[in-house]
Amino acid sequence: MNADLDTYDPGLDERLHQELAHAPLPLLDPAAVTAVGGRALRRQRLARGSGALAAVLAIGIGGYAVSDAFDRGATPAPPASSSTTSEPPTVQARLEPFSALRDGETVVEPGRYARFDVTWQPSTKVVGFSAFDGEGTQTMAGQFMSSALDAPGVAWQTMGPDSHVIVGIMPAAAREFSVVAPNDPAGGQLATQQVKGLDGTPWQAFAVFFAEPKYAAAVTDILWIDASGAVHDSRGASVPAVRLGTDADAPTVYMSESANVLGIFDHGQNGQVPLTDGSSPSVIAFGAGSATEMNGIFAMLVPAGSTKPTVTPNAGVTATPARIEALPGSDVAVLWAQTSRTTDEATADFATVSWTDPSGERTTITNY
């Protein structure tokens, strides 16, 4: 047999004609049989080459490697398949570059994580990503897959404890998202994010750049809200949530017991606080503006079925009448009011917060 897979062997063709001439079989085209065999061997050779390429892409550039130890919601991608079946094309999203983070006099540049390309292979559910510095030089690459993508969940991966970054994909239905990391008494997790849809798929790519790398490695969950106001966690499970008021642009408050946070989505702005241990109500006060003029939302968790809420604003604070909204899927409700501050005093919005619980007992909170 001719060992050259790219040429046709006329001797083999003649032998096949002689041996099959009197066989009681359906007529075959020996030339076609020879060609098919050659193509199958060439496909095996190409498949072996694809597997080697996939292994190379999992290694970081410049001496950095993506380690399984830092996966969050992700599992390592399998080797490239040698299947000869046709696969859907890989989809790519190029995220906009990160800007520097500024906190007072401190400036943190994104450095080698200035921009990301993210790819998605629908048939294998493999997410690939590449990082580039500000000059456009590739600095790192990796890939992963996740069972979270079997549901409308979120999958992400860090690049090591000092990388400042998480990168992944989430449902295209996510209007906003909020990253959950352990609370830091010294301050919040200053971060910026980029999101872009993966065209033709139900997913969108995202990346988050943190001012301090310890937060990237510590992310425990990602909560997201869709256009209807429904909130979900990274597994795709529903989270108790309620819109405060009837306006279409009203903020949404949610409580995730699995993530242990009380949070708020407010059309481009979001925040969260840890749930208390029950010795005092969980409270979130969220606003925007300057140090001397800020408009915001005050929300406190109270027992479900509570009524007759009242608040007493501190000096320099005005508020709308307090209201209580049920929080479906939970045993609590949300007591809330809109606030406006014209003082830079570091005081709470209210001197007192009161309500009547389902048993008829009046409760008043002065410290929260």
# chains A, B, ... in the order shown; residues from 1 in each chain; ligands from 1

call {"tool": "residues_around", "arguments": {"residues": "Gly168 in chain A", "least_positions_apart": "5", "cutoff": "6 Å", "atoms": "only C-alpha atoms", "output": "PyMOL selection string"}}
result
chain A and resi 155-156+205-206

call {"tool": "write_last_selection", "arguments": {"atoms": "N, CA and C atoms", "output": "PDB file, in the first residue's frame"}}
result
ATOM      1  N   ALA A 155     -20.202  31.679  35.256  1.00  0.00           N
ATOM      2  CA  ALA A 155     -18.937  30.981  35.458  1.00  0.00           C
ATOM      3  C   ALA A 155     -17.802  31.970  35.296  1.00  0.00           C
ATOM      4  N   TRP A 156     -16.820  31.868  36.186  1.00  0.00           N
ATOM      5  CA  TRP A 156     -15.693  32.801  36.101  1.00  0.00           C
ATOM      6  C   TRP A 156     -14.431  32.130  36.606  1.00  0.00           C
ATOM      7  N   ALA A 205     -19.924  38.068  27.763  1.00  0.00           N
ATOM      8  CA  ALA A 205     -18.633  37.975  28.437  1.00  0.00           C
ATOM      9  C   ALA A 205     -18.485  39.141  29.404  1.00  0.00           C
ATOM     10  N   PHE A 206     -17.717  38.916  30.475  1.00  0.00           N
ATOM     11  CA  PHE A 206     -17.472  39.994  31.420  1.00  0.00           C
ATOM     12  C   PHE A 206     -16.098  39.834  32.044  1.00  0.00           C
TER      13      PHE A 206
END

call {"tool": "residues_around", "arguments": {"residues": "Tyr113 in chain A", "least_positions_apart": "2", "cutoff": "7 Å", "atoms": "only C-alpha atoms", "output": "list in words"}}
result
Pro110, Gly111, Arg115, Ala131, Phe132 and Asp133 of chain A

call {"tool": "residues_around", "arguments": {"residues": "Arg175 in chain A", "least_positions_apart": "3", "cutoff": "12 Å", "atoms": "only C-alpha atoms", "output": "count of residues only"}}
result
25

call {"tool": "closest_residue", "arguments": {"among": "A:Thr252, A:Leu244, A:Arg341, A:Val273", "to": "Gly287 in chain A", "atoms": "only C-alpha atoms"}}
result
A:Arg341

call {"tool": "select_by_dssp", "arguments": {"residues": "range 193-246 of chain A", "states": "strand (DSSP E or B)", "output": "list in words"}}
result
Gln193, Gln194, Val195, Lys196, Gly197, Trp203, Gln204, Ala205, Phe206, Ala207, Val208, Phe209, Phe210, Asp221, Ile222, Leu223, Trp224, Ile225, Val231, His232, Ser238, Val239, Ala241, Val242 and Arg243 of chain A

call {"tool": "write_last_selection", "arguments": {"atoms": "C-alpha atoms", "output": "PDB file, in the first residue's frame"}}
result
ATOM      1  CA  GLN A 193     -16.098  46.052  35.062  1.00  0.00           C
ATOM      2  CA  GLN A 194     -16.576  45.493  31.336  1.00  0.00           C
ATOM      3  CA  VAL A 195     -19.345  43.469  29.649  1.00  0.00           C
ATOM      4  CA  LYS A 196     -20.060  42.550  26.018  1.00  0.00           C
ATOM      5  CA  GLY A 197     -22.490  40.134  24.378  1.00  0.00           C
ATOM      6  CA  TRP A 203     -24.391  34.613  26.928  1.00  0.00           C
ATOM      7  CA  GLN A 204     -22.278  37.694  27.470  1.00  0.00           C
ATOM      8  CA  ALA A 205     -18.633  37.975  28.437  1.00  0.00           C
ATOM      9  CA  PHE A 206     -17.472  39.994  31.420  1.00  0.00           C
ATOM     10  CA  ALA A 207     -14.344  40.902  33.351  1.00  0.00           C
ATOM     11  CA  VAL A 208     -13.875  42.723  36.664  1.00  0.00           C
ATOM     12  CA  PHE A 209     -10.675  44.549  37.643  1.00  0.00           C
ATOM     13  CA  PHE A 210     -10.127  45.091  41.390  1.00  0.00           C
ATOM     14  CA  ASP A 221     -20.816  34.552  44.253  1.00  0.00           C
ATOM     15  CA  ILE A 222     -22.106  36.831  41.512  1.00  0.00           C
ATOM     16  CA  LEU A 223     -25.701  38.071  41.737  1.00  0.00           C
ATOM     17  CA  TRP A 224     -27.483  39.477  38.696  1.00  0.00           C
ATOM     18  CA  ILE A 225     -30.782  41.109  37.769  1.00  0.00           C
ATOM     19  CA  VAL A 231     -32.566  38.520  40.754  1.00  0.00           C
ATOM     20  CA  HIS A 232     -30.496  35.321  40.422  1.00  0.00           C
ATOM     21  CA  SER A 238     -33.888  32.858  42.120  1.00  0.00           C
ATOM     22  CA  VAL A 239     -33.104  35.266  44.968  1.00  0.00           C
ATOM     23  CA  ALA A 241     -36.220  40.517  45.567  1.00  0.00           C
ATOM     24  CA  VAL A 242     -38.705  43.397  45.422  1.00  0.00           C
ATOM     25  CA  ARG A 243     -38.920  46.632  43.471  1.00  0.00           C
TER      26      ARG A 243
END

call {"tool": "closest_residue", "arguments": {"among": "A:Ala259, A:Tyr368, A:Ile297, A:Glu96", "to": "Ser279 in chain A", "atoms": "only C-alpha atoms"}}
result
A:Tyr368
